[in-house]
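See structure below.
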Amino acid sequence: MRFIIYSFIIGVVFTLNGQQNYEVGKLIDSIPVSNTASETFALYLPSSFDASQTSPILFIFDPVGRGRIGVETFMEVAENYSFILVCSNNSRNAPYERNFNIAANLFDHIFSRFTVDDKQMYLAGFSGGSRLAWAIAVAAGNIRGVIACGAGFSEAPSPLLKKQEFSYAGIIGNRDMNYGEMLEVKAYLTTTNYDNTLFIYEGNHNWPPPRVIARAFNWLDVAAHKKGVKVKAEMALYKSYTDDYNVAVKSESSGNTLQAAAEYERILSTYSSLYTLDTVAARLSRLTKDSAYKRALKARSKALAEEKEWTAILYRQFITDYEQPEKLDMAWWEKILSQLNTKYATAAVEFQNMLERVKFNLLAQAFSRKNPLLFNPTEAQKRFCNELGQVIYSD
């Protein structure tokens with residue numbers, strides 16, 4: 001795998017610097033990758049970009065190769081933090097070896113043309129692109145941080161997880177099909193003392209909104225400061241702390257106890273080495289003993305358990321029908337999905353969100369099975385996937 005050895009050659013390609021001139025502050029959505037037949041990428045250079053200075057960089061991976069959308073998602077923070085943004089138009093949900101080669105070609109091209117700060121290289125991705133970003137970061141060994149949106153770890157063969165230098169900022173919508181997975185990822189990384197956090201927002205399986213991206217970027221910026229990679233001014237550090245504290249207090253005041261607890265926990269793990277946080281610790285302790293918090297936690301656990309049960313049931317039937325589409329009984333799908341919609345129509349919000357995750361997970365399975373890069377579907381199998389999608393979301 002090219003990425004396993006990439007960290008040994010990265011210092012060499014940095015010295016080439018055949019700088020090309022691109023307009024700053026403008027998204028350029030299709031630049032050819034050198035030494036490839038048809039690979040391209042989207043590029044954004046912040047308004048503050050200076051070719052004579054080293055620049056931090058963010059490589060972005062979209063699950064269907066939408067370079068423009070991937071770059072647009074991060075343009076606001078790129079301006080605030082002076083990051084170069086790069087997103088492949090070819091990397092997509094596909095076998096990992098294919099994506100590793102595409103990413104390596106892109107790395108070669110960028111590092112031979114831009115003076116990149118080798119201590120500030122970051123990766124971001126959404127869905128399958130998030131899994132790819134994780135796989136690259138683990139294999140390369142010289143990535144500073146990962147912003148993982150809508151999905152967790154990869155299924156690609158990679159070195160055993162060990163203490164890495166990069167920080168991991170997960171982002172997930174509460175109606176995203178991978179919500180439960182990202183909670184488990186956070187729990188695992190925290191248990192293993194891995195530098196990580198998780199931002200949860202109101203939303204489904206999409207690139208996160210700019211406000212959440214900005215919070216994740218700020219968290220990574222503070223992490224870089226604590227590791228001595230960059231110096232963040234004291235005033236900026238304190239503003240980061242107070243902004244996070246205000247979000248936590250607002251969440252608690254609005255009755256969102258789970259969100260408030262998560263915010264207080266993030267403040268303690270992020271700023272405890274910088275400030276005395278007795279007040280925050282006391283708020284968290286009081287909150288987690290409150291009956292409203294315990295009820296909310298119990299409801300979420302119950303919803304996640306039901307989600308696993310329904311996901312397993314529907315997945316088994318999906319595979320059966322996909323493998324034998326000639327025996328398909330679409331009436332079964334119409335009946336079971338109607339029953340689920342009725343069952344949870346007036347349920348608590350945790351269970352309504354759970355149903356949306358179950359339904360979208362099923363839709364994603366159908367969409368994935370039509371992907372010729374991953375599977376070799378027959379016309380009958382494609383028709384089944386299309387019909388199932390229409391049943392899941394009739395509107």
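We name chains A, B, ... following the order of the structure tokens; residues begin at 1 in each chain, and ligands are numbered from 1 as shown.
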
Next on the checklist: Among stretch 82-315 of chain A, which residues does DSSP mark as strand (DSSP E) when it is run on the backbone? Keep the chain and numbering as in the structure and answer as JSON, numbers by chain.
Outcome noted: {"A": [84, 85, 86, 87, 88, 116, 117, 118, 119, 120, 121, 122, 123, 124, 125, 126, 145, 146, 147, 148, 149, 167, 168, 169, 170, 171, 172, 173, 196, 197, 198, 199, 200, 201]}

With N, CA and C atoms kept, could you save the residues just selected as a compact mmCIF listing (two decimals), in the first residue's frame?
```txt
# COMPACT_ATOMS: atom_id res chain seq x y z
N ILE A 84 -5.26 25.78 2.90
CA ILE A 84 -5.49 25.34 1.53
C ILE A 84 -6.50 24.19 1.59
N LEU A 85 -7.47 24.19 0.69
CA LEU A 85 -8.46 23.11 0.62
C LEU A 85 -8.30 22.35 -0.69
N VAL A 86 -8.30 21.02 -0.60
CA VAL A 86 -8.17 20.17 -1.78
C VAL A 86 -9.16 19.02 -1.65
N CYS A 87 -9.94 18.77 -2.70
CA CYS A 87 -10.89 17.65 -2.68
C CYS A 87 -10.89 16.94 -4.03
N SER A 88 -10.67 15.64 -4.01
CA SER A 88 -10.62 14.84 -5.23
C SER A 88 -12.00 14.74 -5.87
N VAL A 116 3.81 23.23 1.72
CA VAL A 116 2.88 22.83 2.76
C VAL A 116 3.59 22.73 4.10
N ASP A 117 2.93 23.18 5.15
CA ASP A 117 3.45 23.03 6.52
C ASP A 117 3.26 21.57 6.93
N ASP A 118 4.36 20.83 7.04
CA ASP A 118 4.24 19.40 7.32
C ASP A 118 3.75 19.10 8.73
N LYS A 119 3.62 20.11 9.56
CA LYS A 119 3.07 19.92 10.91
C LYS A 119 1.58 20.27 10.98
N GLN A 120 1.03 20.74 9.86
CA GLN A 120 -0.38 21.12 9.83
C GLN A 120 -1.07 20.54 8.60
N MET A 121 -1.00 19.22 8.49
CA MET A 121 -1.71 18.52 7.43
C MET A 121 -2.92 17.81 8.05
N TYR A 122 -4.09 18.10 7.50
CA TYR A 122 -5.34 17.57 8.05
C TYR A 122 -6.13 16.85 6.96
N LEU A 123 -6.98 15.94 7.39
CA LEU A 123 -7.87 15.22 6.49
C LEU A 123 -9.30 15.37 6.97
N ALA A 124 -10.24 15.38 6.04
CA ALA A 124 -11.66 15.40 6.39
C ALA A 124 -12.40 14.56 5.37
N GLY A 125 -13.53 14.02 5.79
CA GLY A 125 -14.34 13.25 4.87
C GLY A 125 -15.75 13.10 5.38
N PHE A 126 -16.64 12.77 4.47
CA PHE A 126 -18.03 12.52 4.82
C PHE A 126 -18.40 11.10 4.39
N GLY A 145 -4.61 16.04 12.14
CA GLY A 145 -5.98 15.89 12.62
C GLY A 145 -6.91 15.37 11.55
N VAL A 146 -8.01 14.76 11.99
CA VAL A 146 -9.04 14.24 11.09
C VAL A 146 -10.39 14.79 11.53
N ILE A 147 -11.17 15.28 10.56
CA ILE A 147 -12.56 15.66 10.80
C ILE A 147 -13.42 14.60 10.13
N ALA A 148 -14.03 13.74 10.94
CA ALA A 148 -14.78 12.58 10.45
C ALA A 148 -16.27 12.88 10.51
N CYS A 149 -16.88 13.08 9.36
CA CYS A 149 -18.29 13.47 9.29
C CYS A 149 -19.16 12.29 8.83
N SER A 167 -5.30 14.21 16.04
CA SER A 167 -6.51 14.37 16.84
C SER A 167 -7.72 14.04 15.97
N TYR A 168 -8.77 13.54 16.59
CA TYR A 168 -9.92 13.04 15.85
C TYR A 168 -11.18 13.78 16.28
N ALA A 169 -11.75 14.57 15.37
CA ALA A 169 -12.99 15.30 15.63
C ALA A 169 -14.12 14.66 14.83
N GLY A 170 -14.99 13.93 15.51
CA GLY A 170 -16.13 13.32 14.86
C GLY A 170 -17.30 14.29 14.82
N ILE A 171 -18.10 14.20 13.76
CA ILE A 171 -19.31 15.01 13.63
C ILE A 171 -20.43 14.10 13.13
N ILE A 172 -21.59 14.17 13.78
CA ILE A 172 -22.70 13.30 13.37
C ILE A 172 -24.04 13.98 13.64
N GLY A 173 -24.98 13.80 12.73
CA GLY A 173 -26.34 14.27 12.95
C GLY A 173 -27.11 13.27 13.79
N ASN A 196 -9.71 12.83 21.17
CA ASN A 196 -10.88 12.85 20.30
C ASN A 196 -12.03 13.63 20.92
N THR A 197 -12.98 13.97 20.08
CA THR A 197 -14.25 14.54 20.54
C THR A 197 -15.31 14.21 19.51
N LEU A 198 -16.59 14.46 19.88
CA LEU A 198 -17.70 14.20 18.97
C LEU A 198 -18.70 15.34 19.08
N PHE A 199 -19.00 15.95 17.93
CA PHE A 199 -20.01 16.99 17.86
C PHE A 199 -21.30 16.40 17.28
N ILE A 200 -22.39 16.55 17.99
CA ILE A 200 -23.70 16.05 17.55
C ILE A 200 -24.59 17.25 17.25
N TYR A 201 -25.25 17.21 16.11
CA TYR A 201 -26.13 18.32 15.73
C TYR A 201 -27.46 17.78 15.22
```

Checklist entry - Can you tell me, as a VMD selection string, what residues are no more than 12 Å from A:Phe74 when counting only C-alpha atoms, ignoring any on the same chain fewer than 5 positions away? => result chain A and resid 27 43 to 46 57 to 61 67 to 69 79 to 87 123 to 125 147 207 to 217

Only C-alpha atoms, please: the residues just picked out, written as a PDB file, in the first residue's frame.
```pdb
ATOM      1  CA  LEU A  27     -13.007  27.842  -5.807  1.00  0.00           C
ATOM      2  CA  LEU A  43      -8.925  23.669  -4.989  1.00  0.00           C
ATOM      3  CA  TYR A  44      -9.450  26.692  -2.763  1.00  0.00           C
ATOM      4  CA  LEU A  45      -6.669  29.051  -1.722  1.00  0.00           C
ATOM      5  CA  PRO A  46      -7.635  31.395   1.139  1.00  0.00           C
ATOM      6  CA  ILE A  57      -3.689  22.131   4.258  1.00  0.00           C
ATOM      7  CA  LEU A  58      -6.913  20.137   4.451  1.00  0.00           C
ATOM      8  CA  PHE A  59      -7.492  17.204   2.097  1.00  0.00           C
ATOM      9  CA  ILE A  60     -11.206  16.408   1.764  1.00  0.00           C
ATOM     10  CA  PHE A  61     -12.872  13.180   0.626  1.00  0.00           C
ATOM     11  CA  GLY A  67     -14.943  18.028  -5.212  1.00  0.00           C
ATOM     12  CA  ARG A  68     -16.801  21.332  -5.340  1.00  0.00           C
ATOM     13  CA  ILE A  69     -19.221  20.371  -2.548  1.00  0.00           C
ATOM     14  CA  GLU A  79     -10.557  31.816   5.405  1.00  0.00           C
ATOM     15  CA  ASN A  80     -10.474  32.000   9.202  1.00  0.00           C
ATOM     16  CA  TYR A  81      -7.520  29.612   9.585  1.00  0.00           C
ATOM     17  CA  SER A  82      -5.677  30.224   6.247  1.00  0.00           C
ATOM     18  CA  PHE A  83      -5.964  26.616   5.058  1.00  0.00           C
ATOM     19  CA  ILE A  84      -5.495  25.339   1.525  1.00  0.00           C
ATOM     20  CA  LEU A  85      -8.456  23.106   0.619  1.00  0.00           C
ATOM     21  CA  VAL A  86      -8.169  20.170  -1.779  1.00  0.00           C
ATOM     22  CA  CYS A  87     -10.886  17.647  -2.677  1.00  0.00           C
ATOM     23  CA  LEU A 123      -7.866  15.219   6.488  1.00  0.00           C
ATOM     24  CA  ALA A 124     -11.656  15.396   6.386  1.00  0.00           C
ATOM     25  CA  GLY A 125     -14.341  13.249   4.868  1.00  0.00           C
ATOM     26  CA  ILE A 147     -12.560  15.659  10.803  1.00  0.00           C
ATOM     27  CA  TRP A 207     -22.088  17.159   5.174  1.00  0.00           C
ATOM     28  CA  PRO A 208     -22.471  19.132   8.449  1.00  0.00           C
ATOM     29  CA  PRO A 209     -23.491  22.812   8.450  1.00  0.00           C
ATOM     30  CA  PRO A 210     -20.730  25.463   8.587  1.00  0.00           C
ATOM     31  CA  ARG A 211     -21.340  26.309  12.269  1.00  0.00           C
ATOM     32  CA  VAL A 212     -20.530  22.720  13.303  1.00  0.00           C
ATOM     33  CA  ILE A 213     -17.530  22.535  10.979  1.00  0.00           C
ATOM     34  CA  ALA A 214     -16.268  25.743  12.607  1.00  0.00           C
ATOM     35  CA  ARG A 215     -16.547  24.218  16.093  1.00  0.00           C
ATOM     36  CA  ALA A 216     -14.622  21.115  15.018  1.00  0.00           C
ATOM     37  CA  PHE A 217     -11.912  23.229  13.413  1.00  0.00           C
TER      38      PHE A 217
END
```

Checklist entry - Residues of stretch 298-381 of chain A in alpha helix (DSSP H) according to DSSP, as a ChimeraX atom specification? => result /A:298-323,330-344,349-369,379-381

Stretch 289-304 of chain A: which residues within 7 Å, counting only C-alpha atoms, same-chain residues fewer than 5 positions away excluded, as a compact mmCIF listing (two decimals) with C-alpha atoms, in the first residue's frame?
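In the end it all went to around_22.txt:
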```txt
# COMPACT_ATOMS: atom_id res chain seq x y z
CA GLY A 180 -24.90 4.90 17.09
CA THR A 257 -29.42 17.38 29.11
CA LEU A 258 -27.51 14.87 26.98
CA GLU A 350 -35.40 9.78 20.40
CA PHE A 351 -37.51 7.05 18.79
CA MET A 354 -34.21 6.26 15.52
```

Counting only C-alpha atoms, give me one row per residue of stretch 247-323 of chain A with an atom at most 12 Å from an atom of stretch 368-390 of chain A, showing the shortest contact pair and its distance in Å to one decimal, sorted by chain then residue number, as a Markdown table.
```
| residue | atom | partner | partner_atom | distance |
| --- | --- | --- | --- | --- |
| A:Leu314 | CA | A:Leu388 | CA | 11.5 |
| A:Gln317 | CA | A:Leu388 | CA | 11.7 |
| A:Phe318 | CA | A:Cys385 | CA | 9.2 |
| A:Ile319 | CA | A:Arg369 | CA | 10.0 |
| A:Thr320 | CA | A:Gln381 | CA | 11.2 |
| A:Asp321 | CA | A:Phe384 | CA | 7.9 |
| A:Tyr322 | CA | A:Gln381 | CA | 5.8 |
| A:Glu323 | CA | A:Gln381 | CA | 7.6 |
```

Item to check | Coordinates-based distance that separates atom CA of A:Arg92 from atom CA of A:Phe41 (Å, one decimal) | outcome: 12.4 Å

Item to check | Counting only C-alpha atoms, the option among A:Lys250, A:Arg113, A:His205, A:Lys327 closest to A:Thr54 | outcome: A:Arg113

Item to check | Atom-to-atom span, atom CA of A:Val71 and atom CA of A:Gly150, Å | outcome: 16.5 Å

At a cut-off of 12 Å, using only C-alpha atoms, what residues contact A:Tyr344? Leave out same-chain residues fewer than 4 positions from it and give the result as a compact mmCIF listing (two decimals) with N, CA and C atoms, in the first residue's frame.
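Dumped to around-v5.txt:
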```txt
# COMPACT_ATOMS: atom_id res chain seq x y z
N ALA A 303 -33.65 3.42 22.55
CA ALA A 303 -33.83 3.69 21.12
C ALA A 303 -32.71 3.05 20.30
N GLU A 306 -33.34 -0.73 20.08
CA GLU A 306 -34.38 -1.04 19.10
C GLU A 306 -33.88 -0.82 17.67
N GLU A 307 -33.06 0.20 17.51
CA GLU A 307 -32.49 0.47 16.18
C GLU A 307 -31.67 -0.71 15.68
N LEU A 337 -42.84 -1.29 6.63
CA LEU A 337 -42.48 0.13 6.75
C LEU A 337 -43.67 0.96 7.19
N SER A 338 -44.84 0.60 6.74
CA SER A 338 -46.06 1.28 7.20
C SER A 338 -46.26 1.06 8.70
N GLN A 339 -46.03 -0.16 9.15
CA GLN A 339 -46.16 -0.47 10.57
C GLN A 339 -45.17 0.34 11.41
N LEU A 340 -43.95 0.44 10.92
CA LEU A 340 -42.93 1.20 11.65
C LEU A 340 -43.29 2.69 11.72
N ALA A 348 -41.62 9.39 21.45
CA ALA A 348 -40.67 10.43 21.87
C ALA A 348 -39.67 10.68 20.76
N VAL A 349 -39.07 11.87 20.77
CA VAL A 349 -38.20 12.29 19.67
C VAL A 349 -37.02 11.34 19.47
N GLU A 350 -36.50 10.74 20.54
CA GLU A 350 -35.40 9.78 20.40
C GLU A 350 -35.80 8.63 19.49
N PHE A 351 -37.06 8.19 19.58
CA PHE A 351 -37.51 7.05 18.79
C PHE A 351 -37.89 7.47 17.37
N GLN A 352 -38.37 8.71 17.21
CA GLN A 352 -38.61 9.21 15.86
C GLN A 352 -37.29 9.36 15.11
N ASN A 353 -36.28 9.87 15.80
CA ASN A 353 -34.95 9.96 15.18
C ASN A 353 -34.41 8.57 14.85
N MET A 354 -34.66 7.63 15.74
CA MET A 354 -34.21 6.26 15.52
C MET A 354 -34.82 5.69 14.24
N LEU A 355 -36.13 5.90 14.04
CA LEU A 355 -36.79 5.38 12.84
C LEU A 355 -36.19 5.99 11.58
N GLU A 356 -35.89 7.28 11.61
CA GLU A 356 -35.26 7.90 10.45
C GLU A 356 -33.90 7.27 10.15
N VAL A 358 -33.01 4.16 10.87
CA VAL A 358 -33.26 2.82 10.35
C VAL A 358 -33.64 2.88 8.87
```

Hey, which bits of stretch 15-102 of chain A sit within 12 Å of stretch 151-155 of chain A, and for each residue what's the closest pair of atoms and how far apart in Å (one decimal), counting only C-alpha atoms, rows by chain and increasing number, as a tab-separated table?
```
residue	atom	partner	partner_atom	distance
A:Asp62	CA	A:Ala151	CA	11.8
A:Pro63	CA	A:Ala151	CA	10.8
A:Asn93	CA	A:Ser154	CA	11.4
A:Ala94	CA	A:Glu155	CA	11.7
A:Pro95	CA	A:Glu155	CA	10.1
A:Tyr96	CA	A:Glu155	CA	8.7
A:Glu97	CA	A:Glu155	CA	11.7
```
